[in-house]
$ cat model_16.txt   # compact mmCIF, C-alpha atoms
# COMPACT_ATOMS: atom_id res chain seq x y z
CA MET A 1 150.85 134.64 115.36
CA SER A 2 151.88 133.41 111.98
CA THR A 3 151.41 129.78 112.91
CA PHE A 4 148.65 127.91 111.14
CA PHE A 5 147.14 126.40 114.27
CA ASP A 6 148.43 127.76 117.59
CA PHE A 7 148.63 124.64 119.76
CA HIS A 8 149.70 126.60 122.81
CA TYR A 9 146.57 128.72 122.60
CA ALA A 10 144.48 125.62 121.94
CA ALA A 11 145.85 123.90 125.05
CA HIS A 12 145.21 127.06 127.05
CA MET A 13 141.47 126.98 126.37
CA LEU A 14 141.09 123.22 126.69
CA PRO A 15 139.83 123.30 130.33
CA ALA A 16 137.12 125.87 129.54
CA LEU A 17 135.93 123.85 126.55
CA ALA A 18 136.00 120.61 128.53
CA ARG A 19 133.82 122.20 131.22
CA ALA A 20 131.41 123.48 128.60
CA SER A 21 131.29 120.06 126.97
CA LEU A 22 130.31 118.47 130.30
CA TYR A 23 127.54 121.03 130.49
CA THR A 24 126.47 120.13 126.96
CA ILE A 25 126.48 116.42 127.77
CA GLY A 26 124.39 117.17 130.88
CA ILE A 27 121.79 119.02 128.83
CA THR A 28 121.71 116.15 126.35
CA LEU A 29 121.26 113.42 128.96
CA VAL A 30 118.59 115.25 130.96
CA GLY A 31 116.79 116.25 127.77
CA PHE A 32 116.96 112.73 126.40
CA ALA A 33 115.61 111.23 129.63
CA ILE A 34 112.63 113.58 129.41
CA ALA A 35 112.23 112.83 125.70
CA LEU A 36 112.18 109.05 126.32
CA VAL A 37 109.35 109.32 128.85
CA LEU A 38 107.38 112.03 127.06
CA GLY A 39 107.84 110.26 123.74
CA LEU A 40 106.38 107.05 125.14
CA ALA A 41 103.41 108.98 126.50
CA LEU A 42 102.89 110.60 123.09
CA ALA A 43 103.15 107.25 121.30
CA LEU A 44 100.56 105.69 123.61
CA MET A 45 98.29 108.73 123.29
CA ARG A 46 98.49 108.43 119.55
CA ARG A 47 97.37 104.81 119.78
CA SER A 48 94.44 105.76 122.00
CA SER A 49 90.99 104.61 120.90
CA ILE A 50 89.61 108.10 121.52
CA ALA A 51 89.78 109.56 118.02
CA LEU A 52 90.06 113.17 119.19
CA LEU A 53 93.04 112.44 121.43
CA SER A 54 94.92 110.38 118.88
CA ARG A 55 94.24 112.87 116.06
CA THR A 56 95.33 115.84 118.15
CA THR A 57 98.49 114.08 119.31
CA GLY A 58 99.25 113.08 115.74
CA PHE A 59 98.95 116.65 114.54
CA VAL A 60 101.01 118.10 117.38
CA VAL A 61 103.79 115.57 116.81
CA GLU A 62 103.76 116.25 113.07
CA PHE A 63 103.79 120.02 113.65
CA ILE A 64 106.68 119.97 116.09
CA ARG A 65 108.63 117.58 113.89
CA SER A 66 108.37 119.79 110.84
CA THR A 67 109.19 123.15 112.42
CA PRO A 68 112.68 124.27 113.46
CA LEU A 69 113.98 123.68 116.97
CA LEU A 70 115.39 127.21 117.02
CA ILE A 71 111.94 128.80 116.78
CA GLN A 72 110.46 126.40 119.31
CA VAL A 73 113.18 127.38 121.75
CA TYR A 74 112.50 131.06 121.04
CA VAL A 75 108.81 130.44 121.73
CA ILE A 76 109.53 128.87 125.13
CA PHE A 77 112.06 131.53 126.05
CA TYR A 78 110.35 134.66 124.75
CA VAL A 79 106.64 133.78 124.61
CA GLY A 80 106.63 131.62 127.77
CA PRO A 81 107.08 134.56 130.19
CA LEU A 82 103.99 136.27 128.72
CA TYR A 83 101.94 133.30 129.91
CA GLY A 84 103.61 132.88 133.27
CA LEU A 85 106.27 130.33 132.25
CA ASP A 86 109.24 132.29 133.56
CA VAL A 87 112.24 129.99 133.31
CA SER A 88 116.00 130.37 132.93
CA ALA A 89 117.63 130.02 129.53
CA LEU A 90 119.06 126.64 130.51
CA THR A 91 115.67 125.24 131.58
CA ALA A 92 113.92 126.70 128.55
CA GLY A 93 116.57 125.21 126.26
CA THR A 94 116.41 121.79 127.89
CA ILE A 95 112.61 121.73 127.76
CA GLY A 96 112.67 122.86 124.13
CA ILE A 97 115.13 120.25 122.95
CA ALA A 98 113.42 117.54 125.05
CA VAL A 99 109.97 118.24 123.62
CA HIS A 100 111.34 118.46 120.06
CA TYR A 101 113.04 115.09 120.33
CA ALA A 102 110.15 113.55 122.27
CA CYS A 103 108.15 113.88 119.06
CA TYR A 104 110.84 112.09 117.05
CA VAL A 105 111.17 109.44 119.74
CA SER A 106 107.40 108.91 119.82
CA GLU A 107 107.50 107.98 116.13
CA VAL A 108 110.25 105.49 116.88
CA TYR A 109 108.21 103.91 119.68
CA ARG A 110 105.21 103.80 117.40
CA ALA A 111 107.16 101.86 114.80
CA GLY A 112 108.33 99.47 117.52
CA LEU A 113 104.82 98.97 118.86
CA ASN A 114 103.53 98.27 115.38
CA CYS A 115 106.19 95.59 114.95
CA VAL A 116 105.00 93.50 117.90
CA ALA A 117 103.21 90.45 116.54
CA ARG A 118 99.43 90.42 116.78
CA GLY A 119 99.52 87.07 118.60
CA GLN A 120 101.21 88.72 121.56
CA TRP A 121 98.23 91.03 122.05
CA GLU A 122 95.84 88.13 121.68
CA ALA A 123 97.80 85.98 124.13
CA ALA A 124 97.83 88.80 126.67
CA SER A 125 94.12 89.24 126.36
CA ALA A 126 93.54 85.45 126.54
CA LEU A 127 95.44 85.48 129.85
CA SER A 128 93.16 88.36 130.85
CA LEU A 129 96.09 90.60 131.71
CA SER A 130 95.16 94.15 132.57
CA ARG A 131 95.96 96.90 130.11
CA TRP A 132 98.89 98.02 132.27
CA ARG A 133 100.30 94.48 132.58
CA THR A 134 99.88 93.91 128.85
CA TYR A 135 101.96 96.99 128.03
CA SER A 136 104.56 96.79 130.80
CA GLY A 137 105.06 93.02 130.82
CA VAL A 138 104.48 91.89 127.25
CA ILE A 139 104.38 94.58 124.59
CA LEU A 140 106.87 97.28 125.62
CA PRO A 141 109.83 94.97 126.38
CA GLN A 142 109.54 93.55 122.88
CA ALA A 143 108.84 96.87 121.20
CA ILE A 144 111.63 98.85 122.87
CA ARG A 145 114.35 96.25 122.37
CA GLN A 146 113.81 96.54 118.63
CA VAL A 147 114.06 100.31 118.49
CA ILE A 148 117.14 100.87 120.66
CA PRO A 149 119.43 101.57 117.67
CA ALA A 150 117.01 104.20 116.38
CA LEU A 151 116.70 105.74 119.83
CA GLY A 152 120.48 105.86 120.07
CA ASN A 153 120.70 107.73 116.78
CA TYR A 154 118.39 110.36 118.20
CA LEU A 155 120.57 110.67 121.29
CA VAL A 156 123.50 111.53 119.03
CA ALA A 157 121.35 113.84 116.89
CA MET A 158 120.14 115.60 120.03
CA PHE A 159 123.69 116.13 121.23
CA LYS A 160 124.56 117.70 117.90
CA ASP A 161 121.54 120.02 118.14
CA THR A 162 122.53 121.51 121.50
CA PRO A 163 124.49 124.41 119.89
CA VAL A 164 121.10 125.78 118.80
CA LEU A 165 120.55 126.65 122.46
CA SER A 166 123.39 129.18 122.27
CA ALA A 167 120.86 131.41 120.49
CA ILE A 168 119.04 131.91 123.80
CA THR A 169 122.29 132.55 125.67
CA VAL A 170 122.82 129.05 127.10
CA VAL A 171 126.60 128.80 127.52
CA GLU A 172 127.23 125.39 126.00
CA LEU A 173 130.22 124.29 123.95
CA MET A 174 129.59 126.52 120.92
CA GLN A 175 128.83 129.64 122.95
CA GLN A 176 131.92 129.05 125.09
CA ALA A 177 134.04 128.80 121.95
CA LYS A 178 132.57 132.03 120.60
CA ASN A 179 133.22 133.79 123.89
CA ILE A 180 136.84 132.65 123.88
CA GLY A 181 137.18 133.67 120.25
CA SER A 182 135.74 137.14 120.83
CA GLU A 183 138.30 137.81 123.57
CA THR A 184 141.27 137.27 121.29
CA PHE A 185 139.80 137.61 117.78
CA ARG A 186 141.19 134.22 116.88
CA TYR A 187 138.33 131.96 115.87
CA LEU A 188 140.28 129.23 114.13
CA GLU A 189 141.33 127.36 117.28
CA PRO A 190 138.15 127.63 119.40
CA ILE A 191 135.71 126.71 116.64
CA THR A 192 137.90 123.96 115.20
CA MET A 193 138.34 122.53 118.69
CA THR A 194 134.59 122.67 119.22
CA GLY A 195 134.12 120.69 116.04
CA ALA A 196 136.67 118.15 117.26
CA PHE A 197 134.90 117.89 120.62
CA PHE A 198 131.60 117.26 118.89
CA LEU A 199 133.12 114.67 116.59
CA VAL A 200 134.81 112.77 119.44
CA ILE A 201 131.82 112.89 121.79
CA SER A 202 129.27 111.90 119.16
CA LEU A 203 131.48 109.03 117.98
CA THR A 204 131.77 107.93 121.63
CA PHE A 205 128.01 108.09 122.07
CA ALA A 206 127.54 106.09 118.87
CA ALA A 207 130.00 103.44 120.07
CA GLY A 208 128.17 103.26 123.41
CA VAL A 209 124.86 102.78 121.65
CA ARG A 210 126.33 99.98 119.50
CA HIS A 211 127.62 98.29 122.64
CA LEU A 212 124.20 98.54 124.32
CA GLU A 213 122.59 97.18 121.19
CA ARG A 214 124.83 94.10 121.26
CA ARG A 215 124.19 93.57 124.97
CA LEU A 216 120.43 93.68 124.53
CA ARG A 217 120.21 91.55 121.42
CA LEU A 218 118.11 88.45 121.86
CA PRO A 219 120.07 85.22 121.51
CA MET B 1 93.88 141.94 112.41
CA GLN B 2 95.35 145.15 111.13
CA ASP B 3 98.83 144.45 112.42
CA LEU B 4 98.64 140.99 110.91
CA GLU B 5 98.50 142.71 107.53
CA GLN B 6 101.67 144.57 108.40
CA LEU B 7 103.48 141.48 109.66
CA ILE B 8 102.81 139.19 106.73
CA PRO B 9 104.64 141.10 103.96
CA LEU B 10 107.80 141.30 106.07
CA LEU B 11 107.65 137.63 107.00
CA ALA B 12 106.99 136.81 103.34
CA LYS B 13 110.25 138.53 102.41
CA GLY B 14 112.05 136.33 104.92
CA THR B 15 110.25 133.26 103.59
CA ALA B 16 111.51 134.03 100.09
CA VAL B 17 115.09 134.06 101.38
CA THR B 18 114.51 130.81 103.27
CA VAL B 19 113.07 129.10 100.19
CA GLU B 20 115.92 130.37 98.02
CA ILE B 21 118.57 129.08 100.42
CA ALA B 22 116.77 125.77 100.88
CA ALA B 23 116.44 125.21 97.12
CA CYS B 24 120.11 126.00 96.40
CA ALA B 25 121.26 123.92 99.38
CA ILE B 26 119.16 120.93 98.27
CA VAL B 27 120.78 121.05 94.82
CA LEU B 28 124.26 121.23 96.37
CA ALA B 29 123.40 118.44 98.83
CA VAL B 30 122.30 116.13 96.01
CA VAL B 31 125.51 116.88 94.10
CA MET B 32 127.62 116.26 97.21
CA ALA B 33 125.79 113.02 98.00
CA CYS B 34 126.50 111.71 94.49
CA LEU B 35 130.10 112.94 94.61
CA ALA B 36 130.73 111.32 98.00
CA ASN B 37 129.37 108.03 96.69
CA ILE B 38 131.54 108.20 93.59
CA LEU B 39 134.59 109.00 95.73
CA ARG B 40 133.88 106.10 98.04
CA THR B 41 133.65 103.55 95.25
CA VAL B 42 136.62 104.48 93.03
CA PRO B 43 139.60 102.12 93.12
CA TRP B 44 142.06 104.68 94.58
CA ARG B 45 142.47 104.44 98.31
CA ALA B 46 143.19 108.18 98.78
CA ALA B 47 139.91 109.17 97.11
CA ARG B 48 137.96 106.67 99.20
CA TRP B 49 139.62 108.08 102.29
CA VAL B 50 138.63 111.64 101.33
CA GLY B 51 135.04 110.53 100.80
CA ASN B 52 134.87 108.75 104.15
CA VAL B 53 136.43 111.65 106.05
CA TYR B 54 134.01 114.09 104.43
CA VAL B 55 130.98 112.04 105.42
CA GLU B 56 132.14 111.28 108.96
CA VAL B 57 133.25 114.83 109.76
CA PHE B 58 130.13 116.50 108.45
CA ARG B 59 127.83 113.93 110.03
CA GLY B 60 129.73 113.89 113.31
CA THR B 61 129.76 117.61 114.02
CA SER B 62 126.96 120.04 114.52
CA LEU B 63 125.49 122.07 111.65
CA LEU B 64 125.78 125.29 113.63
CA VAL B 65 129.46 124.62 114.37
CA GLN B 66 130.05 124.10 110.65
CA LEU B 67 128.23 127.30 109.72
CA PHE B 68 130.20 129.27 112.33
CA TRP B 69 133.43 127.70 111.12
CA PHE B 70 132.75 128.83 107.56
CA PHE B 71 131.57 132.23 108.75
CA PHE B 72 134.13 133.14 111.44
CA VAL B 73 137.23 131.10 110.65
CA LEU B 74 137.51 131.28 106.87
CA PRO B 75 137.80 135.11 106.61
CA LEU B 76 140.74 135.20 109.03
CA PRO B 77 144.32 134.19 108.30
CA PRO B 78 145.56 131.62 107.32
CA PHE B 79 142.57 131.15 105.00
CA ASN B 80 141.64 134.76 104.14
CA LEU B 81 138.56 133.54 102.32
CA ALA B 82 135.70 135.91 103.02
CA LEU B 83 132.39 134.45 101.82
CA THR B 84 129.09 136.28 101.90
CA PRO B 85 126.62 134.99 104.50
CA PHE B 86 124.45 133.73 101.64
CA THR B 87 127.27 131.60 100.22
CA VAL B 88 128.18 130.34 103.68
CA ALA B 89 124.57 129.30 104.25
CA ILE B 90 124.31 127.36 101.01
CA VAL B 91 127.74 125.76 101.28
CA GLY B 92 127.25 124.91 104.96
CA LEU B 93 123.79 123.41 104.55
CA GLY B 94 124.69 121.69 101.28
CA LEU B 95 127.80 120.01 102.65
CA HIS B 96 126.13 119.02 105.93
CA TYR B 97 123.03 117.47 104.42
CA GLY B 98 125.01 116.12 101.47
CA ALA B 99 126.91 113.94 103.93
CA TYR B 100 123.65 112.57 105.34
CA GLY B 101 122.27 112.17 101.83
CA SER B 102 125.28 110.17 100.74
CA GLU B 103 124.46 107.56 103.39
CA ILE B 104 120.86 107.36 102.11
CA LEU B 105 122.08 106.98 98.55
CA ARG B 106 124.61 104.35 99.56
CA GLY B 107 121.96 102.31 101.35
CA ALA B 108 119.62 102.61 98.37
CA LEU B 109 122.28 101.57 95.86
CA ARG B 110 123.11 98.56 98.03
CA SER B 111 119.46 97.56 98.21
CA VAL B 112 119.42 96.83 94.47
CA PRO B 113 119.90 93.05 94.13
CA HIS B 114 123.31 92.02 92.89
CA GLY B 115 121.76 90.03 90.06
CA GLN B 116 120.73 93.31 88.47
CA TYR B 117 124.38 94.39 88.16
CA GLU B 118 125.29 91.02 86.73
CA ALA B 119 122.41 90.98 84.27
CA ALA B 120 123.32 94.47 83.03
CA LEU B 121 126.92 93.37 82.70
CA ALA B 122 125.86 90.28 80.77
CA LEU B 123 123.92 92.50 78.36
CA ASN B 124 127.19 94.34 77.69
CA MET B 125 125.96 97.67 79.04
CA SER B 126 128.55 100.34 79.75
CA ALA B 127 129.01 101.42 83.36
CA ALA B 128 127.16 104.72 82.78
CA MET B 129 124.26 103.03 81.04
CA ARG B 130 124.10 100.36 83.73
CA MET B 131 123.79 103.08 86.36
CA ARG B 132 121.32 105.20 84.45
CA ARG B 133 118.97 102.54 83.11
CA ILE B 134 119.15 99.70 85.62
CA ILE B 135 120.54 100.59 89.02
CA LEU B 136 119.43 104.19 89.69
CA PRO B 137 115.73 103.76 88.79
CA GLN B 138 115.47 100.89 91.27
CA ALA B 139 117.59 102.59 93.93
CA MET B 140 115.51 105.76 93.71
CA ILE B 141 112.41 104.00 95.03
CA ASN B 142 114.22 103.23 98.25
CA ALA B 143 116.07 106.54 98.39
CA LEU B 144 113.17 108.94 97.95
CA PRO B 145 111.21 108.49 101.23
CA PRO B 146 114.26 109.08 103.48
CA ALA B 147 115.38 111.85 101.11
CA THR B 148 112.06 113.60 101.71
CA ASN B 149 112.65 113.49 105.45
CA LEU B 150 116.13 114.85 104.96
CA MET B 151 114.79 117.73 102.86
CA ILE B 152 112.41 118.65 105.68
CA GLU B 153 115.39 118.57 108.03
CA LEU B 154 117.21 120.88 105.63
CA VAL B 155 114.31 123.33 105.49
CA LYS B 156 114.30 123.34 109.28
CA GLY B 157 118.07 123.71 109.28
CA THR B 158 117.83 126.92 107.28
CA SER B 159 116.54 128.62 110.44
CA LEU B 160 120.11 128.46 111.79
CA VAL B 161 121.40 130.78 109.07
CA SER B 162 119.68 133.62 110.93
CA LEU B 163 122.52 133.29 113.45
CA ILE B 164 125.07 134.17 110.76
CA THR B 165 123.24 137.44 110.04
CA LEU B 166 121.27 136.30 107.01
CA SER B 167 117.79 137.83 106.89
CA ASP B 168 115.78 134.66 106.48
CA LEU B 169 112.38 133.94 108.02
CA THR B 170 113.73 133.34 111.53
CA PHE B 171 115.83 136.50 111.38
CA ARG B 172 112.83 138.57 110.29
CA ALA B 173 110.74 137.07 113.07
CA ARG B 174 113.34 138.04 115.67
CA GLN B 175 113.63 141.51 114.18
CA LEU B 176 109.86 142.05 114.14
CA ASP B 177 109.63 140.67 117.66
CA GLU B 178 112.08 143.28 118.91
CA ALA B 179 110.36 146.08 116.97
CA THR B 180 106.70 145.33 117.66
CA LEU B 181 106.73 143.18 120.82
CA GLN B 182 103.93 141.02 119.45
CA THR B 183 106.01 138.01 120.35
CA ALA B 184 103.35 135.32 120.48
CA LYS B 185 101.68 136.27 117.22
CA ILE B 186 104.91 136.57 115.25
CA PHE B 187 106.37 133.27 116.38
CA ALA B 188 103.08 131.45 115.85
CA LEU B 189 102.97 132.78 112.28
CA THR B 190 106.60 131.79 111.73
CA LEU B 191 105.97 128.25 112.95
CA ILE B 192 102.96 127.96 110.66
CA ILE B 193 105.00 129.18 107.67
CA TYR B 194 107.70 126.57 108.35
CA PHE B 195 105.04 123.90 108.73
CA VAL B 196 103.50 124.85 105.39
CA LEU B 197 106.92 124.82 103.71
CA ALA B 198 107.54 121.31 105.05
CA GLN B 199 104.14 120.16 103.79
CA CYS B 200 104.96 121.62 100.35
CA VAL B 201 108.17 119.58 100.29
CA VAL B 202 106.21 116.44 101.21
CA ALA B 203 103.58 117.07 98.52
CA LEU B 204 106.22 117.78 95.87
CA MET B 205 108.25 114.72 96.73
CA ARG B 206 105.19 112.51 96.72
CA ARG B 207 104.66 113.42 93.08
CA VAL B 208 108.30 112.63 92.30
CA GLU B 209 107.97 109.31 94.14
CA LEU B 210 104.85 108.47 92.21
CA ARG B 211 106.64 109.09 88.93
CA PHE B 212 109.59 106.89 89.88
CA SER B 213 107.54 104.02 91.28
CA HIS B 214 105.02 104.04 88.44
CA GLY B 215 106.50 101.49 86.09
CA ILE B 216 107.86 99.34 88.90
CA ALA B 217 104.55 98.90 90.68
CA ARG B 218 102.88 97.83 87.43
CA THR B 219 105.45 95.15 86.62
CA ALA B 220 105.36 93.86 90.19
CA SER B 221 101.60 93.32 90.16
CA ARG B 222 101.56 91.70 86.78
$ encode --input "model_16.txt" --output "structure tokens"
Amino acid sequence: MSTFFDFHYAAHMLPALARASLYTIGITLVGFAIALVLGLALALMRRSSIALLSRTTGFVVEFIRSTPLLIQVYVIFYVGPLYGLDVSALTAGTIGIAVHYACYVSEVYRAGLNCVARGQWEAASALSLSRWRTYSGVILPQAIRQVIPALGNYLVAMFKDTPVLSAITVVELMQQAKNIGSETFRYLEPITMTGAFFLVISLTFAAGVRHLERRLRLP
Amino acid sequence: MQDLEQLIPLLAKGTAVTVEIAACAIVLAVVMACLANILRTVPWRAARWVGNVYVEVFRGTSLLVQLFWFFFVLPLPPFNLALTPFTVAIVGLGLHYGAYGSEILRGALRSVPHGQYEAALALNMSAAMRMRRIILPQAMINALPPATNLMIELVKGTSLVSLITLSDLTFRARQLDEATLQTAKIFALTLIIYFVLAQCVVALMRRVELRFSHGIARTASR
């Protein structure tokens, strides 16, 4: 065991880490899908003309954005059951990370909505489009196209935040690496490999986002 | 109400640790951000390569993975470098957020119009003076708002050091939770403390921003 980095050992645990990384990617994609929808809802609520609703949403978003994900996940996992929200660690973790990033995403949407030219709103109202048609047909397609790079960055950031869920016993990549390490008391290979997995997957995600961005760019 | 009085002093102890770690890590992050930018602009290819690898690796992997790497891997052979959890926390957070900060600084330095470099050069200013008197003051205006956000991220990131056995605010909250079972109250208090810390960062940075943008705004409106 005098070798610097035992490649044999590293190859031996590759399948377990690969499985865990699929799990991690699954959490990320499901969480991000929820965040995209919830974030849009939050952004629209914040633009509401009812002052109470928009103020409250604004405060909640600000509060969630400036407190740590770890504690929010603890709250869902440990405080939830006291109020009847009895969920598994995986569900609690996914909900936690989704809600946390929904607040970030809602700010991104808000920036996009603010960028849509005023004339577009006026044109939609001159054509007497309904509120729903105005948003779904005119405003959102323009707003969202602009913010896709920013949304993509949050996808990558979210993926890199999934190890936080190991604190509530979700067996994702980091937890798997720690389990492997604790069996053999060699942490160099598992944790280094985990880092490599994260690096490769987040670079892949980033490349995918860049590709999407090019595809959706207006001519 | 009575147990609230018992909870607060213990949480305050944790808050002190959190603030201490955050402050040290912010200083290290600023140093690392500057260092990474210097490395990436020097004329030696090897140094530029080191700077790029540093930024990409620390931005591309997870903060928790980095903290665990420093905490679990370094004390074992072949490194045999046992750091205290406190050092690991500061080094881990500082290096991680330094990498993000270096990108902010790079963007801000690039946002200064090229004519400013040329004008400073034409006035025969030395490189250090050019940086200190011309480029940095203008770059700072663009760098400070994203830097504030990053500092809030760092303060939030300190909660992860509880997982490497450091008794920060999150650690205390978990400990109290197990001891007193007043889960909801403790976590609500913890969230509020983190929120207040973030607001303090925002308020502090707004003053710094005001100081930096003072002269600029006046000349622009003239």
$ interface_residues --input "model_16.txt" --of "chain B" --to "chain A" --cutoff "6 Å" --atoms "all atoms listed in the file" --output "list in words"
Gly60, Thr61, Ser62, Val73, Lys156, Ala184, Tyr194 and Phe195 of chain B
$ atom_distance --input "model_16.txt" --atom1 "atom CA of Leu109 of chain B" --atom2 "atom CA of Ser126 of chain B"
17.3 Å
$ atom_distance --input "model_16.txt" --atom1 "atom CA of Tyr109 of chain A" --atom2 "atom CA of Leu40 of chain A"
6.6 Å
$ closest_residue --input "model_16.txt" --among "B:Pro85, B:Gly101, B:Pro145, B:Gly115" --to "Thr165 of chain B" --atoms "all atoms listed in the file"
B:Pro85
$ atom_distance --input "model_16.txt" --atom1 "atom CA of Leu160 of chain B" --atom2 "atom CA of Leu63 of chain B"
8.4 Å
$ residues_around --input "model_16.txt" --residues "Asn37 of chain B" --least-positions-apart "2" --cutoff "8 Å" --atoms "all atoms listed in the file" --output "PyMOL selection string"
chain B and resi 33-35+39-41+51+102+105-106
$ residues_around --input "model_16.txt" --residues "Gln146 of chain A" --least-positions-apart "3" --cutoff "9 Å" --atoms "all atoms listed in the file" --output "list of chain:residue names"
A:Gly112, A:Cys115, A:Pro141, A:Gln142, A:Ala143, A:Pro149, A:Ala150, A:Arg217
$ closest_residue --input "model_16.txt" --among "B:Glu103, B:Ala128, B:Thr183, B:Phe68" --to "Pro81 of chain A" --atoms "only C-alpha atoms"
B:Thr183
$ residues_around --input "model_16.txt" --residues "segment 85-89 of chain A" --least-positions-apart "4" --cutoff "8 Å" --atoms "only C-alpha atoms" --output "ChimeraX atom specification"
/A:76-77,80-81,93,168-170
